[in-house]
$ cat structure_26.cif   # mmCIF, C-alpha atoms
data_work
loop_
_atom_site.label_atom_id
_atom_site.label_comp_id
_atom_site.auth_asym_id
_atom_site.auth_seq_id
_atom_site.Cartn_x
_atom_site.Cartn_y
_atom_site.Cartn_z
CA MET A 1 -23.45 -18.01 -14.48
CA LYS A 2 -24.83 -15.16 -16.60
CA LEU A 3 -25.80 -11.87 -14.98
CA HIS A 4 -28.22 -9.65 -16.88
CA LEU A 5 -27.54 -5.91 -16.92
CA THR A 6 -30.22 -3.33 -16.16
CA PRO A 7 -29.30 0.37 -16.35
CA LEU A 8 -30.00 2.48 -13.29
CA ALA A 9 -31.76 5.84 -13.74
CA GLY A 10 -31.43 5.62 -17.52
CA ASP A 11 -27.65 5.94 -17.68
CA PRO A 12 -26.38 4.24 -19.74
CA ALA A 13 -29.17 4.38 -22.32
CA ALA A 14 -29.76 1.59 -24.85
CA LEU A 15 -29.31 2.68 -28.48
CA ARG A 16 -29.75 -0.55 -30.43
CA THR A 17 -29.30 -4.33 -30.25
CA ASP A 18 -27.43 -6.36 -32.88
CA ALA A 19 -26.74 -10.11 -32.69
CA GLY A 20 -27.39 -10.21 -28.95
CA ALA A 21 -25.11 -7.29 -28.10
CA THR A 22 -26.67 -3.99 -27.04
CA THR A 23 -25.02 -0.67 -27.79
CA TRP A 24 -25.21 1.72 -24.87
CA ALA A 25 -24.53 5.44 -24.47
CA ALA A 26 -23.11 6.64 -21.15
CA SER A 27 -23.86 10.35 -20.88
CA THR A 28 -22.20 11.00 -17.50
CA ASP A 29 -19.03 9.92 -15.67
CA ASP A 30 -21.10 7.62 -13.42
CA PRO A 31 -23.15 5.18 -15.56
CA ILE A 32 -24.49 2.28 -13.50
CA PHE A 33 -25.83 -1.20 -14.25
CA ILE A 34 -27.42 -3.55 -11.74
CA ALA A 35 -26.25 -7.07 -12.60
CA ARG A 36 -28.57 -9.92 -11.53
CA PRO A 37 -28.44 -13.68 -12.08
CA ALA A 38 -31.36 -15.17 -13.97
CA ASN A 39 -34.28 -16.94 -12.24
CA GLY A 40 -33.54 -15.46 -8.83
CA THR A 41 -30.30 -17.42 -8.43
CA LYS A 42 -27.95 -16.07 -5.77
CA LEU A 43 -24.18 -15.81 -5.62
CA ARG A 44 -22.81 -17.75 -2.67
CA PRO A 45 -19.93 -16.71 -0.37
CA GLY A 46 -16.42 -17.43 -1.65
CA TRP A 47 -14.11 -16.37 -4.47
CA HIS A 48 -15.54 -15.54 -7.90
CA SER A 49 -14.28 -14.31 -11.25
CA ALA A 50 -16.30 -11.79 -13.29
CA THR A 51 -15.78 -11.39 -17.06
CA ILE A 52 -17.47 -9.13 -19.60
CA GLU A 53 -16.83 -8.03 -23.19
CA LEU A 54 -16.92 -4.25 -23.65
CA HIS A 55 -16.43 -2.89 -27.17
CA GLU A 56 -15.70 0.80 -27.60
CA ARG A 57 -17.81 2.56 -30.21
CA GLU A 58 -17.19 6.22 -29.34
CA GLY A 59 -14.91 7.70 -26.69
CA ARG A 60 -12.92 5.58 -24.23
CA ILE A 61 -13.96 2.97 -21.71
CA LEU A 62 -12.20 4.03 -18.52
CA GLU A 63 -11.71 1.78 -15.46
CA PRO A 64 -14.85 -0.41 -15.38
CA GLN A 65 -15.64 -1.11 -11.73
CA LEU A 66 -17.64 -3.77 -9.89
CA TYR A 67 -19.25 -3.04 -6.52
CA LEU A 68 -20.15 -5.73 -3.97
CA PRO A 69 -23.08 -4.97 -1.65
CA ASP A 70 -22.42 -5.14 2.07
CA ALA A 71 -24.71 -7.05 4.46
CA SER A 72 -27.21 -4.18 4.43
CA GLY A 73 -27.20 -3.92 0.62
CA ARG A 74 -25.17 -0.71 0.40
CA PHE A 75 -22.44 -0.09 -2.18
CA VAL A 76 -19.22 1.60 -1.01
CA GLU A 77 -15.81 2.18 -2.62
CA ALA A 78 -14.07 -0.01 -0.06
CA ARG A 79 -15.99 -3.01 -1.43
CA SER A 80 -15.23 -2.54 -5.11
CA VAL A 81 -12.77 -3.89 -7.68
CA ILE A 82 -11.55 -2.44 -10.98
CA LEU A 83 -11.76 -4.78 -13.96
CA ALA A 84 -8.55 -5.22 -15.94
CA GLY A 85 -8.98 -5.18 -19.72
CA LYS A 86 -7.25 -6.87 -22.64
CA ASP A 87 -8.61 -6.97 -26.22
CA SER A 88 -12.08 -5.84 -25.06
CA ILE A 89 -12.24 -8.60 -22.39
CA TYR A 90 -12.48 -7.17 -18.87
CA SER A 91 -12.21 -9.31 -15.75
CA ALA A 92 -11.61 -9.24 -12.01
CA GLU A 93 -11.60 -11.63 -9.07
CA PHE A 94 -13.53 -10.85 -5.90
CA GLU A 95 -14.51 -12.49 -2.63
CA LEU A 96 -18.07 -12.54 -1.26
CA THR A 97 -18.51 -12.87 2.49
CA HIS A 98 -22.28 -13.38 2.32
CA GLU A 99 -24.93 -14.47 -0.17
CA ILE A 100 -26.14 -11.81 -2.64
CA ASP A 101 -28.61 -11.57 -5.53
CA HIS A 102 -27.12 -8.62 -7.42
CA LEU A 103 -23.98 -6.56 -8.08
CA ARG A 104 -23.43 -3.00 -9.23
CA PHE A 105 -21.39 -2.57 -12.40
CA ASP A 106 -20.07 0.85 -13.53
CA PRO A 107 -18.87 0.31 -17.13
CA SER A 108 -16.78 3.52 -17.36
CA ARG A 109 -15.65 6.61 -15.46
CA ALA A 110 -16.17 8.77 -18.54
CA PRO A 111 -18.98 9.34 -21.07
CA CYS A 112 -18.70 6.93 -24.02
CA VAL A 113 -20.62 4.65 -26.36
CA PHE A 114 -19.98 0.92 -26.03
CA ALA A 115 -21.47 -2.48 -26.82
CA CYS A 116 -21.80 -5.41 -24.42
CA GLU A 117 -23.89 -8.47 -23.60
CA SER A 118 -24.33 -10.04 -20.17
CA MET A 119 -21.66 -10.49 -17.50
CA SER A 120 -20.28 -13.94 -16.71
CA VAL A 121 -19.45 -14.87 -13.09
CA GLU A 122 -17.81 -18.15 -12.11
CA ARG A 123 -16.66 -19.54 -8.78
CA THR A 124 -12.87 -19.81 -8.42
CA ARG A 125 -12.69 -21.40 -4.98
CA HIS A 126 -10.59 -24.40 -5.99
CA VAL A 127 -8.13 -22.31 -8.03
CA ALA A 128 -7.75 -19.80 -5.20
CA ALA A 129 -7.16 -22.57 -2.69
CA LEU A 130 -4.57 -24.16 -4.97
CA MET A 131 -2.76 -20.85 -5.45
CA ASN A 132 -2.78 -20.14 -1.72
CA GLY A 133 -1.35 -23.59 -1.14
CA LEU A 134 1.41 -23.01 -3.67
CA ARG A 135 2.25 -19.64 -2.11
CA SER A 136 2.41 -21.28 1.31
CA VAL A 137 4.79 -23.96 0.05
CA ALA A 138 6.95 -21.30 -1.63
CA ARG A 139 7.11 -19.25 1.57
CA LYS A 140 8.17 -22.26 3.60
CA ALA A 141 10.85 -23.20 1.08
CA LEU A 142 12.15 -19.64 0.91
CA GLY A 143 12.15 -19.48 4.72
CA LYS A 144 14.44 -22.50 4.84
CA ARG A 145 16.83 -21.16 2.23
CA GLY A 146 17.03 -17.47 3.13
CA PRO A 147 18.91 -16.92 -0.16
CA GLY A 148 19.13 -13.14 -0.15
CA ALA A 149 18.76 -10.92 -3.20
CA THR A 150 18.99 -12.60 -6.60
CA PRO A 151 21.00 -11.05 -9.46
CA GLU A 152 17.72 -9.88 -11.00
CA MET A 153 16.74 -8.17 -7.74
CA LEU A 154 20.09 -6.42 -7.51
CA GLU A 155 19.84 -5.28 -11.13
CA GLN A 156 16.38 -3.78 -10.51
CA TRP A 157 17.63 -2.13 -7.32
CA GLN A 158 20.60 -0.51 -9.01
CA ALA A 159 18.58 0.65 -12.02
CA ASN A 160 15.40 1.85 -10.30
CA GLY A 161 16.20 2.36 -6.61
CA TYR A 162 13.48 0.05 -5.36
CA LEU A 163 12.44 -3.61 -5.21
CA THR A 164 8.98 -5.19 -4.99
CA LEU A 165 8.27 -8.54 -3.32
CA PRO A 166 4.67 -9.50 -4.22
CA GLY A 167 2.72 -11.63 -1.73
CA PHE A 168 5.76 -11.94 0.53
CA TYR A 169 3.89 -12.25 3.84
CA SER A 170 1.07 -14.58 4.85
CA GLY A 171 -2.20 -13.46 6.37
CA GLU A 172 -1.20 -14.90 9.73
CA GLU A 173 2.00 -12.82 9.86
CA LEU A 174 0.14 -9.65 8.90
CA ASP A 175 -2.73 -10.25 11.31
CA ALA A 176 -0.31 -10.70 14.22
CA ALA A 177 1.33 -7.32 13.53
CA HIS A 178 -1.97 -5.53 12.98
CA GLU A 179 -3.41 -6.98 16.17
CA ALA A 180 -0.40 -5.58 18.03
CA MET A 181 -1.28 -2.08 16.83
CA GLU A 182 -4.96 -2.56 17.68
CA ARG A 183 -3.92 -3.74 21.14
CA ALA A 184 -1.82 -0.61 21.66
CA TRP A 185 -4.85 1.61 20.97
CA LYS A 186 -7.23 -0.46 23.08
CA THR A 187 -4.90 -0.57 26.09
CA ASN A 188 -3.67 3.05 25.78
CA ALA A 189 -0.08 1.81 25.68
CA PRO A 190 1.69 4.41 27.84
CA ARG A 191 5.04 4.63 26.02
CA ILE A 192 3.74 4.76 22.43
CA VAL A 193 3.95 8.14 20.65
CA VAL A 194 1.75 9.08 17.68
CA ASP A 195 1.61 11.90 15.14
CA ASP A 196 -1.80 13.37 14.35
CA LEU A 197 -1.67 13.85 10.57
CA VAL A 198 -4.62 16.27 10.66
CA THR A 199 -3.32 18.68 13.32
CA ASN A 200 0.41 17.92 12.80
CA GLN A 201 0.66 17.40 16.56
CA ARG A 202 2.88 14.83 18.29
CA LEU A 203 1.44 13.32 21.47
CA ARG A 204 1.29 10.18 23.55
CA LEU A 205 -1.20 7.61 22.28
CA MET A 206 -2.83 7.54 25.72
CA ASP A 207 -3.58 11.28 25.43
CA VAL A 208 -5.47 11.10 22.11
CA ALA A 209 -9.09 12.19 22.58
CA GLU A 210 -11.90 9.82 21.60
CA ASP A 211 -13.28 12.11 18.88
CA ALA A 212 -9.80 12.45 17.34
CA ARG A 213 -9.40 8.66 17.34
CA ARG A 214 -12.56 8.40 15.27
CA GLU A 215 -12.04 11.33 12.92
CA HIS A 216 -8.27 11.90 12.47
CA ARG A 217 -5.50 10.02 10.68
CA PHE A 218 -2.51 8.94 12.76
CA LYS A 219 1.03 7.68 12.32
CA VAL A 220 2.02 5.35 15.17
CA ASN A 221 5.73 5.62 15.87
CA ASP A 222 8.11 2.80 16.72
CA LEU A 223 5.86 -0.12 17.59
CA PHE A 224 8.92 -2.24 16.81
CA LEU A 225 10.35 -1.18 20.20
CA GLU A 226 7.47 -2.88 21.99
CA CYS A 227 6.10 -5.65 19.76
CA GLU A 228 7.92 -8.71 18.51
CA GLU A 229 5.13 -9.32 15.99
CA VAL A 230 5.96 -5.99 14.33
CA ARG A 231 9.73 -6.62 14.37
CA ASP A 232 9.10 -9.96 12.67
CA LEU A 233 7.86 -8.10 9.56
CA ALA A 234 11.09 -6.09 9.41
CA LEU A 235 13.64 -8.83 10.06
CA ASN A 236 13.18 -12.55 9.55
CA SER A 237 14.93 -15.50 7.91
CA ARG A 238 13.52 -14.56 4.47
CA LEU A 239 13.68 -10.76 4.43
CA THR A 240 16.87 -10.04 6.39
CA PRO A 241 19.21 -11.58 3.74
CA ILE A 242 17.52 -9.50 1.01
CA VAL A 243 17.73 -6.23 2.95
CA ARG A 244 21.34 -7.04 3.88
CA ASP A 245 22.28 -7.51 0.22
CA LEU A 246 20.53 -4.30 -0.88
CA LEU A 247 22.02 -2.25 1.97
CA GLY A 248 25.42 -3.90 1.61
CA HIS A 249 25.67 -4.27 5.39
CA VAL A 250 23.96 -6.01 8.31
CA PRO A 251 20.65 -4.12 8.80
CA VAL A 252 19.48 -2.50 12.03
CA ILE A 253 15.83 -1.48 12.49
CA CYS A 254 15.98 2.13 13.64
CA ASN A 255 12.29 3.06 13.42
CA SER A 256 8.84 1.91 12.34
CA LEU A 257 5.78 3.88 11.23
CA SER A 258 2.33 2.24 11.33
CA PHE A 259 -0.60 3.66 9.35
CA GLN A 260 -4.33 2.97 9.24
CA GLN A 261 -4.85 5.42 6.35
CA GLY A 262 -2.65 6.86 3.63
CA SER A 263 0.05 9.31 4.70
CA GLY A 264 -0.72 11.98 2.10
CA GLN A 265 2.92 12.99 2.50
CA PRO A 266 4.43 15.23 -0.22
CA ASP A 267 7.23 13.85 -2.37
CA HIS A 268 10.51 13.64 -0.46
CA VAL A 269 13.62 11.51 0.06
CA ASP A 270 14.21 9.85 3.43
CA ALA A 271 17.86 10.93 3.61
CA LEU A 272 16.68 14.53 4.07
CA TYR A 273 15.31 13.75 7.53
CA MET A 274 17.23 10.60 8.47
CA THR A 275 20.62 11.36 7.00
CA PRO A 276 22.85 8.30 7.48
CA PRO A 277 26.36 8.99 8.85
CA THR A 278 27.74 7.07 5.87
CA PRO A 279 26.11 7.87 2.48
CA GLY A 280 23.97 4.99 1.26
CA HIS A 281 23.71 3.30 4.67
CA LEU A 282 19.90 3.67 4.94
CA VAL A 283 17.05 1.78 3.24
CA ALA A 284 13.33 1.43 3.96
CA SER A 285 10.64 -1.20 3.53
CA TRP A 286 6.86 -0.79 3.23
CA VAL A 287 4.55 -3.69 4.10
CA ALA A 288 0.95 -3.76 2.85
CA VAL A 289 -1.25 -5.06 5.68
CA GLU A 290 -4.28 -4.95 3.35
CA ASP A 291 -5.09 -4.41 -0.32
CA CYS A 292 -4.66 -0.74 -1.22
CA HIS A 293 -7.57 0.84 -3.07
CA MET A 294 -6.42 3.39 -5.64
CA ASN A 295 -8.60 6.05 -3.95
CA ALA A 296 -6.91 5.44 -0.56
CA GLY A 297 -3.70 7.34 -1.40
CA PRO A 298 -1.32 4.62 -2.64
CA LEU A 299 2.45 4.96 -2.44
CA ARG A 300 3.88 7.13 -5.25
CA TYR A 301 7.51 6.94 -6.38
CA TYR A 302 9.85 8.01 -9.19
CA PRO A 303 11.88 5.10 -10.62
CA GLY A 304 15.52 6.07 -11.09
CA SER A 305 15.30 9.16 -8.88
CA HIS A 306 17.81 7.66 -6.43
CA LYS A 307 20.45 8.67 -9.00
CA ILE A 308 19.75 12.39 -8.48
CA PRO A 309 22.81 13.89 -6.74
CA PRO A 310 21.82 14.84 -3.15
CA TYR A 311 21.16 18.55 -2.66
CA VAL A 312 23.75 20.39 -0.54
CA PHE A 313 22.24 22.83 1.98
CA SER A 314 23.99 25.94 3.33
CA SER A 315 25.38 23.81 6.15
CA GLY A 316 27.39 21.88 3.58
CA LYS A 317 25.36 18.78 4.45
CA HIS A 318 22.43 16.86 2.95
CA THR A 319 20.19 17.12 6.03
CA ALA A 320 17.11 19.28 5.43
CA ILE A 321 17.07 22.89 6.62
CA HIS A 322 13.44 24.03 6.87
CA GLU A 323 14.07 27.54 5.57
CA GLU A 324 15.79 26.17 2.46
CA MET A 325 13.23 23.55 1.41
CA ASP A 326 11.83 25.75 -1.38
CA GLN A 327 15.28 25.62 -3.01
CA TRP A 328 15.37 21.85 -2.53
CA HIS A 329 11.96 21.44 -4.23
CA ALA A 330 13.06 23.61 -7.15
CA TYR A 331 16.26 21.56 -7.49
CA ILE A 332 14.33 18.28 -7.46
CA ARG A 333 11.77 19.51 -10.03
CA ASP A 334 14.61 20.55 -12.32
CA GLN A 335 16.40 17.18 -11.92
CA VAL A 336 13.21 15.17 -12.48
CA GLN A 337 12.51 17.11 -15.68
CA ARG A 338 16.12 16.91 -16.87
CA MET A 339 16.25 13.12 -16.33
CA GLY A 340 12.77 12.57 -17.81
CA LEU A 341 11.49 10.83 -14.69
CA THR A 342 7.78 10.11 -14.25
CA PRO A 343 5.89 9.03 -11.11
CA GLU A 344 4.32 5.63 -10.66
CA VAL A 345 1.97 4.32 -7.98
CA PHE A 346 2.25 0.99 -6.19
CA PRO A 347 -1.08 -0.92 -6.47
CA ALA A 348 -0.30 -2.92 -3.35
CA ARG A 349 -1.98 -6.17 -2.44
CA ARG A 350 -2.06 -7.61 1.05
CA GLY A 351 1.35 -9.12 1.91
CA ASP A 352 3.34 -7.17 -0.69
CA VAL A 353 6.66 -5.60 0.35
CA PHE A 354 8.20 -2.52 -1.31
CA ILE A 355 11.85 -1.76 -0.45
CA TRP A 356 13.45 1.53 -1.49
CA SER A 357 16.68 3.48 -1.32
CA ALA A 358 16.86 6.41 1.11
CA TYR A 359 17.46 8.60 -1.97
CA LEU A 360 14.35 7.52 -3.93
CA LEU A 361 11.84 10.35 -4.43
CA HIS A 362 8.48 9.16 -3.11
CA GLY A 363 5.35 10.22 -1.23
CA GLY A 364 1.70 9.44 -0.64
CA SER A 365 -0.79 9.96 -3.48
CA PRO A 366 -3.80 12.20 -2.73
CA ILE A 367 -6.47 10.48 -0.62
CA VAL A 368 -9.57 10.65 -2.83
CA ASP A 369 -11.86 8.89 -0.34
CA PRO A 370 -11.02 9.63 3.32
CA ALA A 371 -13.28 6.77 4.42
CA LEU A 372 -10.90 4.21 2.93
CA THR A 373 -8.11 2.66 4.97
CA ARG A 374 -4.58 1.90 3.74
CA LYS A 375 -3.14 -0.24 6.52
CA SER A 376 0.62 -0.48 6.24
CA ILE A 377 3.88 -0.46 8.18
CA VAL A 378 7.12 1.29 7.17
CA PHE A 379 10.55 0.32 8.52
CA HIS A 380 13.88 2.12 8.19
CA TYR A 381 17.22 0.34 8.49
CA LEU A 382 20.66 1.74 9.24
CA SER A 383 23.86 -0.26 8.85
CA GLU A 384 25.38 -2.07 11.83
CA GLU A 385 28.63 -0.25 11.08
CA ASP A 386 27.10 3.22 11.52
CA CYS A 387 25.18 2.16 14.62
CA ARG A 388 28.29 0.72 16.28
CA ASN A 389 30.22 3.91 15.53
CA LEU A 390 27.46 5.92 17.24
CA ASN A 391 27.38 3.55 20.25
CA PHE A 392 23.73 2.60 19.86
CA ARG A 393 22.51 -0.37 21.86
CA LEU A 394 21.70 -3.20 19.43
CA ILE A 395 19.57 -6.30 20.12
CA PRO A 396 20.16 -9.34 17.83
CA CYS A 397 17.16 -10.23 15.67
CA HIS A 398 16.98 -12.81 12.84
CA GLY A 399 20.39 -12.10 11.32
CA GLY A 400 20.20 -8.34 11.95
CA TYR A 401 19.55 -6.08 14.92
CA TRP A 402 16.95 -3.74 16.31
CA MET A 403 17.97 -0.50 17.99
CA HIS A 404 17.01 -0.27 21.65
CA ARG A 405 16.31 3.38 22.49
CA ARG A 406 13.79 5.75 23.96
CA HIS A 407 10.51 6.50 22.22
CA PRO A 408 10.34 9.91 20.46
CA ALA A 409 10.09 12.93 22.75
CA VAL A 410 6.71 14.66 23.04
CA PRO A 411 6.78 18.49 23.17
CA GLY A 412 6.24 19.71 26.71
CA LEU A 413 6.70 16.30 28.32
CA GLY A 414 10.47 15.90 28.22
CA GLU A 415 12.16 12.64 27.28
CA SER A 416 10.05 9.56 26.66
CA ASP A 417 10.71 6.16 28.20
CA ALA A 418 12.57 3.25 26.66
CA PRO A 419 10.93 -0.18 26.63
CA PRO A 420 12.25 -3.02 28.80
CA VAL A 421 14.36 -5.66 27.07
#

$ encode --input "structure_26.cif" --output "structure tokens"
Amino acid sequence: MKLHLTPLAGDPAALRTDAGATTWAASTDDPIFIARPANGTKLRPGWHSATIELHEREGRILEPQLYLPDASGRFVEARSVILAGKDSIYSAEFELTHEIDHLRFDPSRAPCVFACESMSVERTRHVAALMNGLRSVARKALGKRGPGATPEMLEQWQANGYLTLPGFYSGEELDAAHEAMERAWKTNAPRIVVDDLVTNQRLRLMDVAEDARREHRFKVNDLFLECEEVRDLALNSRLTPIVRDLLGHVPVICNSLSFQQGSGQPDHVDALYMTPPTPGHLVASWVAVEDCHMNAGPLRYYPGSHKIPPYVFSSGKHTAIHEEMDQWHAYIRDQVQRMGLTPEVFPARRGDVFIWSAYLLHGGSPIVDPALTRKSIVFHYLSEEDCRNLNFRLIPCHGGYWMHRRHPAVPGLGESDAPPV
């Protein structure tokens, strides 16, 4: 199906037409087309693929973006996709939840001159269903084998300090964990402790005011202590063998952090704040509960930074001392520059898993649009060996363990409770 392009408010402006292709001039960083099917045809709900040829004439075409109207006809960033380009062909897949008669197409985020014709949109329902079926079969087969980390995975881990597992979890597994967090908020779960990322205050979930729930960003601590559905994303027949091989020991879940929005956390290494008794006996995993929009503050990391020698504080240890963090930051900046390291961001899709070393430099990218969510769960794992030496209580779980302990203490309220087993 062909969609004809009509500029909105005169930007971009048509310069000339040759052989069916019109040359356009975008004079601002927000040129907009309205793309409509011919003869009043409508696009039906389901998966579609959009393709368009964009030829640069002057300047650069930067991140063409397609916006899908919501049920009321509004366009918002949360319902948009960026078109990937190769040899002047730009394309993206998207899902419509309701019937529409137009799309919004922003051809570039920067002024430029370009040539294009109409946009082509085709349904991809059967292909999507086939791919989902293949992924489901692969998950089931992998679940039966539980093979652990492959040589290629181990090579990537040793070289870069992280490992990505695209599309690792199904929608059903993710929905179960997310519903557990939603249930905790709805029922004011009495033992759950949260961190308000706006006020930097730690408090019980049940004590969070209604206006703060609507307007603030929160980190929900240690849902794994209460919810089996959350633990199942940290340890299971498919993931446990991989984490075990990367850690080099039987893994123990020691905490979980659940987010609705991006963390916005500055670059850091986990071993600063969760220093393992034995060096190297700590890894983390990050599970994408939804697709991460690039304006929602995606995970940022520095490949190879796990090889930076840990900084030694005045205590003679690697655990952070608040008054000495300026020296730590200066040390890290110098090491990053010396090693020629550059940051990357993780363009996560729903179901992806990102596992990293406790010594990998990482953080949350700036949140460009605070209205966007970035639903995710982070887990940290210690080794069984360290946990046994510290006499922690361990509960068996899918080839590993989870640590049974109290919830984090809340200032002014004394020790928190531990969940029943």

$ residues_near_point --input "structure_26.cif" --point "(12.2, -3.1, 23.0)" --cutoff "7 Å" --atoms "only C-alpha atoms" --output "ChimeraX atom specification"
/A:225-226,404,419-421

$ closest_residue --input "structure_26.cif" --among "A:Ser118, A:Asn391, A:Ser258, A:Thr124" --to "Ala180 of chain A" --atoms "only C-alpha atoms"
A:Ser258

$ residues_near_point --input "structure_26.cif" --point "(16.1, 8.5, 0.8)" --cutoff "6 Å" --atoms "only C-alpha atoms" --output "number ranges by chain"
A: 269-271, 357-360

$ write_last_selection --input "structure_26.cif" --atoms "C-alpha atoms" --output "PDB file, keeping the file's coordinate frame"
ATOM      1  CA  VAL A 269      13.620  11.510   0.060  1.00  0.00           C
ATOM      2  CA  ASP A 270      14.210   9.850   3.430  1.00  0.00           C
ATOM      3  CA  ALA A 271      17.860  10.930   3.610  1.00  0.00           C
ATOM      4  CA  SER A 357      16.680   3.480  -1.320  1.00  0.00           C
ATOM      5  CA  ALA A 358      16.860   6.410   1.110  1.00  0.00           C
ATOM      6  CA  TYR A 359      17.460   8.600  -1.970  1.00  0.00           C
ATOM      7  CA  LEU A 360      14.350   7.520  -3.930  1.00  0.00           C
TER       8      LEU A 360
END

$ residues_around --input "structure_26.cif" --residues "Val312 of chain A" --least-positions-apart "3" --cutoff "12 Å" --atoms "only C-alpha atoms" --output "list in words"
Ala271, Leu272, Ile308, Pro309, Ser315, Gly316, Lys317, His318, Thr319, Ala320, Ile321, Glu324, Met325, Gln327, Trp328, Tyr331 and Ile332 of chain A

$ closest_residue --input "structure_26.cif" --among "A:Leu361, A:Leu54, A:Leu197, A:Ala184" --to "Thr342 of chain A" --atoms "all atoms listed in the file"
A:Leu361
